[in-house]
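Shown next: final13.tsv, containing TSV, C-alpha atoms and all ligand atoms.
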chain	number	residue	atom	x	y	z
W	21	MET	CA	76.91	99.78	122.84
W	22	GLN	CA	75.44	96.46	123.89
W	23	GLN	CA	77.82	93.56	124.42
W	24	ILE	CA	76.79	90.11	123.18
W	25	THR	CA	78.26	87.19	125.10
W	26	PHE	CA	78.82	83.96	123.25
W	27	THR	CA	80.92	80.84	123.04
W	28	THR	CA	82.19	78.99	120.02
W	29	LEU	CA	83.19	75.55	121.24
W	30	MET	CA	81.06	72.62	122.26
W	31	LYS	CA	83.17	71.50	125.17
W	32	THR	CA	84.80	74.45	126.85
W	33	ASN	CA	82.34	77.07	127.96
W	34	ASN	CA	84.67	79.90	127.43
W	35	THR	CA	82.71	83.17	127.34
W	36	GLN	CA	83.62	85.72	124.71
W	37	SER	CA	82.01	89.02	124.05
W	38	LEU	CA	81.65	91.48	121.19
W	39	THR	CA	79.64	94.60	120.56
W	40	LEU	CA	76.35	93.88	118.83
W	41	GLU	CA	77.68	95.38	115.60
W	42	ASP	CA	80.84	93.22	115.58
W	43	PHE	CA	78.90	90.17	116.58
W	44	ILE	CA	76.51	90.59	113.66
W	45	SER	CA	79.45	91.05	111.27
W	46	LYS	CA	81.06	87.89	112.61
W	47	ILE	CA	77.90	85.86	111.94
W	48	ASN	CA	77.04	87.46	108.60
W	49	ASP	CA	80.58	87.37	107.16
W	50	SER	CA	80.92	83.63	107.51
W	51	TYR	CA	77.40	82.77	106.36
W	52	ASP	CA	76.66	81.33	102.96
W	53	GLU	CA	73.38	79.51	102.65
W	54	ASP	CA	74.13	77.84	99.29
W	55	ASP	CA	77.56	76.56	100.31
W	56	LYS	CA	76.26	75.60	103.73
W	57	GLU	CA	78.89	77.77	105.34
W	58	GLY	CA	78.61	79.38	108.73
W	59	THR	CA	80.66	79.90	111.84
W	60	ASN	CA	80.29	77.89	115.04
W	61	CYS	CA	78.60	80.07	117.64
W	62	TYR	CA	76.26	79.91	120.61
W	63	GLU	CA	74.81	82.78	122.59
W	64	TYR	CA	76.02	82.13	126.10
W	65	PHE	CA	74.87	83.92	129.25
W	66	ASN	CA	73.38	83.51	132.68
W	67	LEU	CA	69.63	83.17	132.30
W	68	LEU	CA	68.97	84.29	135.83
W	69	GLU	CA	70.82	87.55	135.29
W	70	LYS	CA	69.77	88.74	131.87
W	71	GLU	CA	66.48	89.41	130.15
W	72	PHE	CA	65.91	87.60	126.88
W	73	LYS	CA	63.37	87.10	124.14
W	74	PRO	CA	60.98	84.18	124.70
W	75	PHE	CA	62.32	81.23	122.71
W	76	PHE	CA	61.33	77.67	121.82
W	77	ASP	CA	63.35	74.82	120.27
W	78	PHE	CA	61.45	72.06	118.50
W	79	ASP	CA	63.06	68.81	117.42
W	80	VAL	CA	61.47	66.02	115.50
W	81	LYS	CA	63.16	62.68	114.77
W	82	LEU	CA	62.01	60.70	111.76
W	83	ASN	CA	62.90	57.54	109.88
W	84	LYS	CA	63.63	57.68	106.15
W	85	LYS	CA	60.04	57.03	105.09
W	86	GLU	CA	58.65	59.56	107.54
W	87	PHE	CA	61.18	62.12	106.41
W	88	LYS	CA	60.16	61.72	102.75
W	89	GLU	CA	56.55	62.37	103.69
W	90	PHE	CA	57.39	65.12	106.12
W	91	ASN	CA	56.04	68.54	105.26
W	92	ILE	CA	58.17	71.11	107.02
W	93	ASN	CA	55.87	74.01	106.15
W	94	LEU	CA	52.89	72.26	107.63
W	95	TYR	CA	54.89	71.47	110.75
W	96	GLN	CA	56.10	75.04	111.03
W	97	ASN	CA	52.58	76.41	110.60
W	98	LYS	CA	51.20	74.05	113.20
W	99	ILE	CA	53.79	75.24	115.71
W	100	THR	CA	53.25	78.90	114.85
W	101	ASP	CA	49.49	78.56	115.38
W	102	LYS	CA	49.99	77.01	118.75
W	103	LEU	CA	52.69	79.48	119.81
W	104	ASN	CA	50.47	82.37	118.79
W	105	ARG	CA	47.83	81.10	121.16
W	106	VAL	CA	50.09	80.49	124.14
W	107	CYS	CA	52.10	83.71	123.65
W	108	ASN	CA	49.25	85.97	122.52
W	109	ALA	CA	51.20	86.71	119.32
W	110	VAL	CA	50.77	86.86	115.53
W	111	ASN	CA	52.62	85.06	112.71
W	112	GLU	CA	54.75	88.07	111.75
W	113	VAL	CA	56.61	88.38	115.04
W	114	TRP	CA	58.38	85.02	115.07
W	115	ALA	CA	62.04	84.73	114.09
W	116	ILE	CA	62.25	81.17	112.85
W	117	SER	CA	65.29	79.18	111.82
W	118	GLU	CA	65.57	75.60	110.72
W	119	ASP	CA	68.01	72.78	110.06
W	120	HIS	CA	67.49	69.18	109.08
W	121	ARG	CA	70.18	66.57	109.05
W	122	ILE	CA	70.87	62.87	109.35
W	123	THR	CA	72.24	61.63	112.61
W	124	LYS	CA	72.73	58.22	114.21
W	125	ILE	CA	71.02	56.93	117.30
W	126	GLU	CA	72.14	53.45	118.37
W	127	ASP	CA	73.43	52.75	114.86
W	128	LYS	CA	70.08	53.69	113.33
W	129	LYS	CA	69.95	56.49	110.80
W	130	ILE	CA	67.61	59.21	112.01
W	131	TRP	CA	66.47	62.32	110.18
W	132	LYS	CA	66.39	65.15	112.62
W	133	VAL	CA	64.53	68.40	111.97
W	134	SER	CA	65.13	71.33	114.31
W	135	LEU	CA	63.11	74.51	114.39
W	136	HIS	CA	63.97	77.48	116.57
W	137	PHE	CA	61.29	80.05	117.36
W	138	ILE	CA	62.06	83.43	118.93
W	139	LEU	CA	59.40	85.96	119.86
W	140	THR	CA	60.92	89.15	118.47
W	141	ASN	CA	58.74	91.83	120.05
W	142	LYS	CA	58.85	90.83	123.71
W	143	LYS	CA	61.38	90.39	126.50
W	144	THR	CA	61.13	88.16	129.54
W	145	ASN	CA	63.18	86.58	132.34
W	146	ALA	CA	63.58	83.09	133.79
W	147	LYS	CA	61.47	83.83	136.84
W	148	SER	CA	58.28	84.60	135.00
W	149	PHE	CA	58.88	82.64	131.80
W	150	TYR	CA	59.92	79.22	133.15
W	151	PRO	CA	56.88	78.45	135.31
W	152	TYR	CA	54.61	79.41	132.41
W	153	ILE	CA	56.57	77.29	129.93
W	154	ARG	CA	56.15	74.23	132.09
W	155	LYS	CA	52.38	74.69	132.05
W	156	VAL	CA	52.32	75.23	128.31
W	157	ASN	CA	54.22	72.08	127.46
W	158	TYR	CA	51.31	69.65	127.64
W	159	LEU	CA	49.40	71.57	124.97
W	160	PHE	CA	52.20	70.75	122.56
W	161	LYS	CA	52.54	67.16	123.74
W	162	GLN	CA	48.91	66.55	122.78
W	163	ASP	CA	49.80	67.38	119.19
W	164	LYS	CA	53.13	65.58	119.28
W	165	ILE	CA	55.04	68.77	118.50
W	166	GLU	CA	56.85	68.95	121.78
W	167	PHE	CA	59.51	71.56	122.40
W	168	ASP	CA	62.71	70.87	124.24
W	169	THR	CA	62.39	71.97	127.87
W	170	SER	CA	66.03	71.19	128.71
W	171	VAL	CA	67.05	74.55	127.19
W	172	TYR	CA	65.31	76.36	130.04
W	173	ARG	CA	68.18	76.01	132.43
W	174	LYS	CA	68.94	77.98	135.48
W	175	GLY	CA	72.36	79.52	135.28
W	176	MET	CA	74.35	79.52	132.08
W	177	GLY	CA	72.39	78.87	128.92
W	178	LYS	CA	73.73	78.09	125.48
W	179	PHE	CA	71.74	78.86	122.32
W	180	ARG	CA	72.86	77.99	118.88
W	181	MET	CA	72.69	81.09	116.74
W	182	SER	CA	70.85	81.26	113.47
W	183	GLN	CA	73.28	81.23	110.48
W	184	THR	CA	75.75	79.07	112.40
W	185	LYS	CA	76.48	75.37	112.49
W	186	LYS	CA	77.80	72.77	114.85
W	187	GLU	CA	81.51	72.24	114.51
W	188	GLY	CA	82.37	70.02	111.56
W	189	ASP	CA	78.78	69.34	110.53
W	190	LYS	CA	77.74	71.17	107.35
W	191	HIS	CA	74.20	69.91	107.54
W	192	SER	CA	73.64	71.41	110.95
W	193	LEU	CA	73.66	74.92	109.49
W	194	LEU	CA	70.75	76.71	111.12
W	195	LYS	CA	69.09	78.70	108.34
W	196	PRO	CA	66.85	81.68	109.05
W	197	VAL	CA	63.38	81.18	107.62
W	198	THR	CA	61.98	84.57	108.64
W	199	PHE	CA	63.83	87.86	109.25
W	200	LYS	CA	66.55	86.65	106.86
W	201	ASP	CA	68.00	90.14	106.53
W	202	ASP	CA	67.71	91.09	110.15
W	203	ILE	CA	69.82	88.74	112.22
W	204	THR	CA	69.41	90.95	115.31
W	205	LYS	CA	65.90	89.56	115.61
W	206	HIS	CA	67.45	86.11	116.03
W	207	ILE	CA	69.67	87.16	118.95
W	208	ILE	CA	67.77	86.49	122.15
W	209	GLN	CA	70.00	88.74	124.29
W	210	VAL	CA	69.00	91.86	122.34
W	211	VAL	CA	65.96	93.19	124.18
W	212	ASP	CA	66.40	96.96	124.03
W	213	GLY	CA	63.09	98.76	123.63
W	214	LEU	CA	60.99	95.61	123.76
W	215	ASP	CA	57.81	95.32	125.80
W	216	GLU	CA	57.57	92.95	128.71
W	217	PHE	CA	56.12	89.49	127.93
W	218	ILE	CA	52.93	89.57	129.97
W	219	ILE	CA	51.11	86.38	130.86
W	220	THR	CA	47.50	87.48	130.55
W	221	LYS	CA	44.51	86.00	132.32
W	222	GLU	CA	43.44	84.46	129.01
W	223	MET	CA	46.82	82.79	128.52
W	224	ASN	CA	46.67	81.34	132.02
W	225	LEU	CA	43.16	80.09	131.42
W	226	LEU	CA	44.25	78.47	128.21
W	227	VAL	CA	46.99	76.42	129.80
W	228	ASN	CA	44.99	75.56	132.89
W	229	ASN	CA	41.93	74.53	130.97
W	230	ASN	CA	42.76	70.95	130.21
W	231	ILE	CA	39.80	69.85	128.13
W	232	ASP	CA	40.94	66.26	127.68
W	233	LYS	CA	41.25	65.82	131.39
W	234	ASP	CA	37.75	67.14	132.09
W	235	GLU	CA	36.21	64.96	129.43
W	236	ASN	CA	37.99	61.86	130.71
W	237	ILE	CA	36.83	62.47	134.24
W	238	ARG	CA	33.25	63.22	133.18
W	239	GLU	CA	33.07	59.98	131.27
W	240	LEU	CA	34.47	57.94	134.16
W	241	VAL	CA	32.06	59.51	136.65
W	242	SER	CA	29.09	58.84	134.34
W	243	GLY	CA	29.77	55.10	134.73
W	244	TYR	CA	28.73	55.30	138.41
W	245	THR	CA	25.49	56.10	140.19
W	246	VAL	CA	26.22	59.20	142.23
W	247	VAL	CA	23.72	59.73	145.05
W	248	SER	CA	25.18	62.89	146.61
W	249	LYS	CA	27.91	65.42	145.96
W	250	LYS	CA	29.95	67.73	148.17
W	251	GLU	CA	32.82	70.14	147.67
W	252	LYS	CA	35.60	70.73	150.14
W	253	ASN	CA	39.20	71.96	149.81
W	254	ASN	CA	38.93	72.12	146.00
W	255	CYS	CA	37.95	68.46	145.93
W	256	THR	CA	34.59	67.03	144.92
W	257	PHE	CA	33.34	64.07	146.94
W	258	MET	CA	30.70	61.90	145.31
W	259	ASP	CA	28.90	59.23	147.31
W	260	LEU	CA	28.01	56.22	145.20
W	261	ASP	CA	25.00	53.95	145.26
W	262	LYS	CA	25.09	51.28	147.99
W	263	GLU	CA	24.96	48.56	145.35
W	264	THR	CA	28.32	49.52	143.88
W	265	ILE	CA	31.00	46.85	144.26
W	266	CYS	CA	33.87	47.91	146.53
W	267	PRO	CA	37.07	47.43	144.49
W	268	PHE	CA	39.07	46.67	147.62
W	269	ILE	CA	37.03	43.67	148.78
W	270	GLY	CA	35.49	42.68	145.45
W	271	ARG	CA	31.85	42.82	146.63
W	272	LYS	CA	29.42	45.39	148.01
W	273	HIS	CA	29.49	46.28	151.71
W	274	THR	CA	26.42	45.62	153.85
W	275	ASN	CA	26.66	48.90	155.80
W	276	ASN	CA	29.18	51.11	154.09
W	277	HIS	CA	29.69	52.23	150.57
W	278	ILE	CA	32.32	53.68	148.30
W	279	PHE	CA	32.77	57.23	147.01
W	280	LEU	CA	34.69	59.12	144.36
W	281	VAL	CA	37.12	61.97	145.04
W	282	GLN	CA	37.93	64.38	142.26
W	283	THR	CA	40.85	66.79	142.60
W	284	GLU	CA	42.23	69.14	139.99
W	285	ASP	CA	44.23	66.44	138.22
W	286	CYS	CA	42.90	63.19	139.53
W	287	LEU	CA	39.84	60.99	140.04
W	288	MET	CA	39.95	58.21	142.61
W	289	ILE	CA	37.80	55.75	144.52
W	290	LYS	CA	37.78	55.45	148.29
W	291	CYS	CA	35.63	53.47	150.71
W	292	HIS	CA	33.86	54.44	153.94
W	293	SER	CA	34.46	51.02	155.51
W	294	ASP	CA	37.11	50.94	158.26
W	295	LYS	CA	38.72	47.97	156.58
W	296	CYS	CA	39.23	49.88	153.35
W	297	SER	CA	39.81	53.37	154.73
W	298	SER	CA	43.52	53.40	153.92
W	299	LYS	CA	43.00	52.32	150.32
W	300	VAL	CA	42.77	54.44	147.24
W	301	LYS	CA	42.25	53.42	143.65
W	302	ILE	CA	43.27	56.01	141.10
W	303	LEU	CA	40.85	55.97	138.17
W	304	PHE	CA	42.43	58.84	136.30
W	305	LYS	CA	45.53	60.92	136.75
W	306	ASN	CA	46.50	63.78	134.50
W	307	MET	CA	50.08	62.87	133.63
W	308	ASN	CA	50.54	66.13	131.78
W	309	SER	CA	50.13	68.20	134.90
W	310	ASP	CA	53.19	70.29	135.58
W	311	THR	CA	53.13	69.40	139.26
W	312	ILE	CA	55.45	66.42	138.81
W	313	ASP	CA	58.34	68.70	137.96
W	314	PHE	CA	58.42	70.66	141.15
W	315	ASP	CA	61.51	72.76	140.99
W	316	LEU	CA	62.81	74.22	144.22
W	317	ASP	CA	64.88	76.85	142.42
W	318	VAL	CA	61.88	78.09	140.51
W	319	PHE	CA	59.91	78.11	143.74
W	320	ASN	CA	62.59	80.12	145.51
W	321	ALA	CA	62.91	82.47	142.57
W	322	PHE	CA	59.45	83.93	143.20
W	323	GLN	CA	60.41	87.07	145.02
W	324	ILE	CA	57.90	88.43	147.44
W	325	LYS	CA	58.84	92.09	147.48
W	326	ASP	CA	55.55	93.86	147.99
W	327	GLY	CA	53.48	90.76	148.63
W	328	SER	CA	52.07	90.77	145.11
W	329	ASN	CA	53.87	87.60	144.16
W	330	TYR	CA	52.62	85.66	147.11
W	331	PRO	CA	49.59	84.10	145.36
W	332	ALA	CA	51.79	82.90	142.48
W	333	LYS	CA	54.24	81.28	144.86
W	334	ARG	CA	51.46	79.67	146.86
W	335	ASP	CA	49.75	78.35	143.70
W	336	TYR	CA	52.99	76.83	142.51
W	337	PHE	CA	53.51	75.02	145.79
W	338	GLU	CA	49.92	73.88	146.09
W	339	LYS	CA	49.99	72.28	142.68
W	340	TYR	CA	52.90	70.14	143.77
W	341	TYR	CA	51.29	69.43	147.10
W	342	LYS	CA	48.29	68.03	145.31
W	343	TYR	CA	50.56	65.69	143.43
W	344	PHE	CA	52.06	64.09	146.45
W	345	ARG	CA	48.78	64.15	148.26
W	346	ASP	CA	47.19	62.18	145.44
W	347	THR	CA	49.95	59.69	145.00
W	348	ASN	CA	50.18	56.47	146.89
W	349	THR	CA	53.89	55.89	146.77
W	350	PHE	CA	56.93	58.05	147.11
W	351	TYR	CA	60.43	57.65	148.37
W	352	ARG	CA	62.72	59.04	150.99
W	353	ILE	CA	66.42	58.64	151.67
W	354	GLN	CA	67.28	56.52	154.67
W	355	MET	CA	70.76	56.36	156.20
W	356	ASN	CA	71.51	52.95	157.70
W	357	TYR	CA	74.56	52.53	159.89
W	358	ASN	CA	76.61	49.58	158.79
W	359	ASN	CA	78.12	48.14	161.99
W	360	ARG	CA	80.55	45.89	160.25
W	361	TYR	CA	82.12	48.54	158.06
W	362	LYS	CA	81.36	51.50	160.31
W	363	TYR	CA	79.73	53.83	157.85
W	364	TYR	CA	76.30	55.07	156.85
W	365	GLU	CA	74.67	53.49	153.84
W	366	ARG	CA	72.30	55.50	151.75
W	367	GLU	CA	69.11	53.72	150.80
W	368	LEU	CA	65.91	54.70	149.03
W	369	VAL	CA	62.90	53.57	151.07
W	370	GLU	CA	59.40	53.41	149.74
W	371	ILE	CA	56.81	55.26	151.77
W	372	GLN	CA	53.25	54.05	151.62
W	373	LYS	CA	50.76	56.82	152.04
W	374	GLY	CA	47.06	56.34	152.19
W	375	GLY	CA	46.34	59.15	149.78
W	376	LEU	CA	43.52	61.10	151.39
W	377	ALA	CA	43.09	58.56	154.21
W	378	ASP	CA	44.48	61.01	156.72
W	379	LEU	CA	41.58	63.38	156.14
W	380	GLN	CA	38.50	62.89	158.29
W	381	ILE	CA	35.92	61.53	155.91
W	382	ASP	CA	32.97	62.35	158.19
W	383	GLN	CA	33.88	65.98	158.03
W	384	TYR	CA	32.92	66.32	154.43
W	385	THR	CA	30.58	63.51	153.47
W	386	ASP	CA	27.29	62.67	155.03
W	387	LYS	CA	27.03	59.22	156.48
W	388	PHE	CA	25.12	57.08	154.07
W	389	VAL	CA	21.70	56.21	155.43
L	1	ZN	ZN	35.39	48.80	150.91

Show me, as structure tokens, the structure contained in the file I just sent.
Amino acid sequence: MQQITFTTLMKTNNTQSLTLEDFISKINDSYDEDDKEGTNCYEYFNLLEKEFKPFFDFDVKLNKKEFKEFNINLYQNKITDKLNRVCNAVNEVWAISEDHRITKIEDKKIWKVSLHFILTNKKTNAKSFYPYIRKVNYLFKQDKIEFDTSVYRKGMGKFRMSQTKKEGDKHSLLKPVTFKDDITKHIIQVVDGLDEFIITKEMNLLVNNNIDKDENIRELVSGYTVVSKKEKNNCTFMDLDKETICPFIGRKHTNNHIFLVQTEDCLMIKCHSDKCSSKVKILFKNMNSDTIDFDLDVFNAFQIKDGSNYPAKRDYFEKYYKYFRDTNTFYRIQMNYNNRYKYYERELVEIQKGGLADLQIDQYTDKFV
């Protein structure tokens, strides 16, 4: 019989465990939707060790006026539509639960609506699910229905169970909206007999195909007169008309000219002139790209057993590499010895990088004649 591990207190992470049957009784026996009664209980287990059902937590914070106008069904449908697309699923498979309550943030009353979504017919693990989730996030940000990414921890994870509430807060009772009579569907640790959550080619295309980004870049490029184009290292180099004003000197050059560089997430201006060669002006940067959140643990978690995971690991690294290649500023830690007090001081030092200045321009663009 499967054991469910859980914890009941907010502060001490004391793991308890029950058989699935006893666990369900514990939750069901204390639950009363009308009286807003429910026990205090979180599923609690190591996410790197167990398989689980794919899950998403959505929170929305509203003021009083917004709350009055808020249509929870519309919100729920909007999320379901989007989740169906990114998880290749249908409406019927989602175990949804909901709570809404008033809370205080800096003395201001806030109406908080939480929706939990669990994909009931699939199982996954942190290694394959987390990297995908990070890519998916921007699709939700666009529609301002962001999910909480802090729940995707490495190590011990804590998930408030449907039909339970936070200690001492009646209004926090998490009510099942679907699968009301089948609480097992709401337990993410129960994965027996479920199919693997497969990230299909189509799903990957969907999250990598950032339409807004492409449109933005196209529009920016159309404002310039491009005289020649070349591709190299997944970058597009576009030489611009000689008459174009160099942004670094504020006038056009007599002999040299400027050019655009487009990478996966970024469009920037550079200049062929020696004087300007170290300068880069970023015209557009896709802030939703997942590359900013490079996570060493996730990177290390790609196991290369038979070599089949190698491309995934390489892609993950290269995305991050592009981020720091395209940025002009980052920081390193410097240890300075303090002679007077005889100890090392830790200091953050800014590093100025010339973006793509270290690449040989002549290699990939023709000299302008
Ligand atoms: Zn210049």

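A straight line drawn from atom CA of Tyr51 of chain W to atom CA of Ile207 of chain W is 15.4 Å long.
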
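The two atoms in question, atom CA of Leu139 of chain W and atom CA of Glu63 of chain W, are spaced 16.0 Å apart.
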
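Interatomic distance, atom CA of Phe279 of chain W against atom CA of Asp335 of chain W: 27.3 Å.
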
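Of the residues listed (W:Tyr152, W:Val80, W:Glu57, W:Asn111), W:Tyr152 shows the shortest atom-to-atom separation from Ile218 of chain W; distances use only C-alpha atoms.
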
Hey, which residues come within 6 Å of ligand ZN 1 (chain L) if we count all atoms listed in the file? Could you give them as an mmCIF file with C-alpha atoms, in the coordinates of the input?
data_model
loop_
_atom_site.group_PDB
_atom_site.id
_atom_site.type_symbol
_atom_site.label_atom_id
_atom_site.label_comp_id
_atom_site.auth_asym_id
_atom_site.auth_seq_id
_atom_site.Cartn_x
_atom_site.Cartn_y
_atom_site.Cartn_z
ATOM 1 C CA CYS W 266 33.870 47.910 146.530
ATOM 2 C CA PHE W 268 39.070 46.670 147.620
ATOM 3 C CA ILE W 269 37.030 43.670 148.780
ATOM 4 C CA CYS W 291 35.630 53.470 150.710
ATOM 5 C CA SER W 293 34.460 51.020 155.510
ATOM 6 C CA CYS W 296 39.230 49.880 153.350
#

Q: Write out as JSON, numbers by chain which residues come within 10 Å of Ser182 of chain W when counting only C-alpha atoms, dropping same-chain ones fewer than 4 positions away.
A: {"W": [47, 51, 58, 61, 62, 115, 116, 117, 118, 119, 136, 193, 194, 195, 196, 197, 200, 203, 204, 205, 206, 207]}
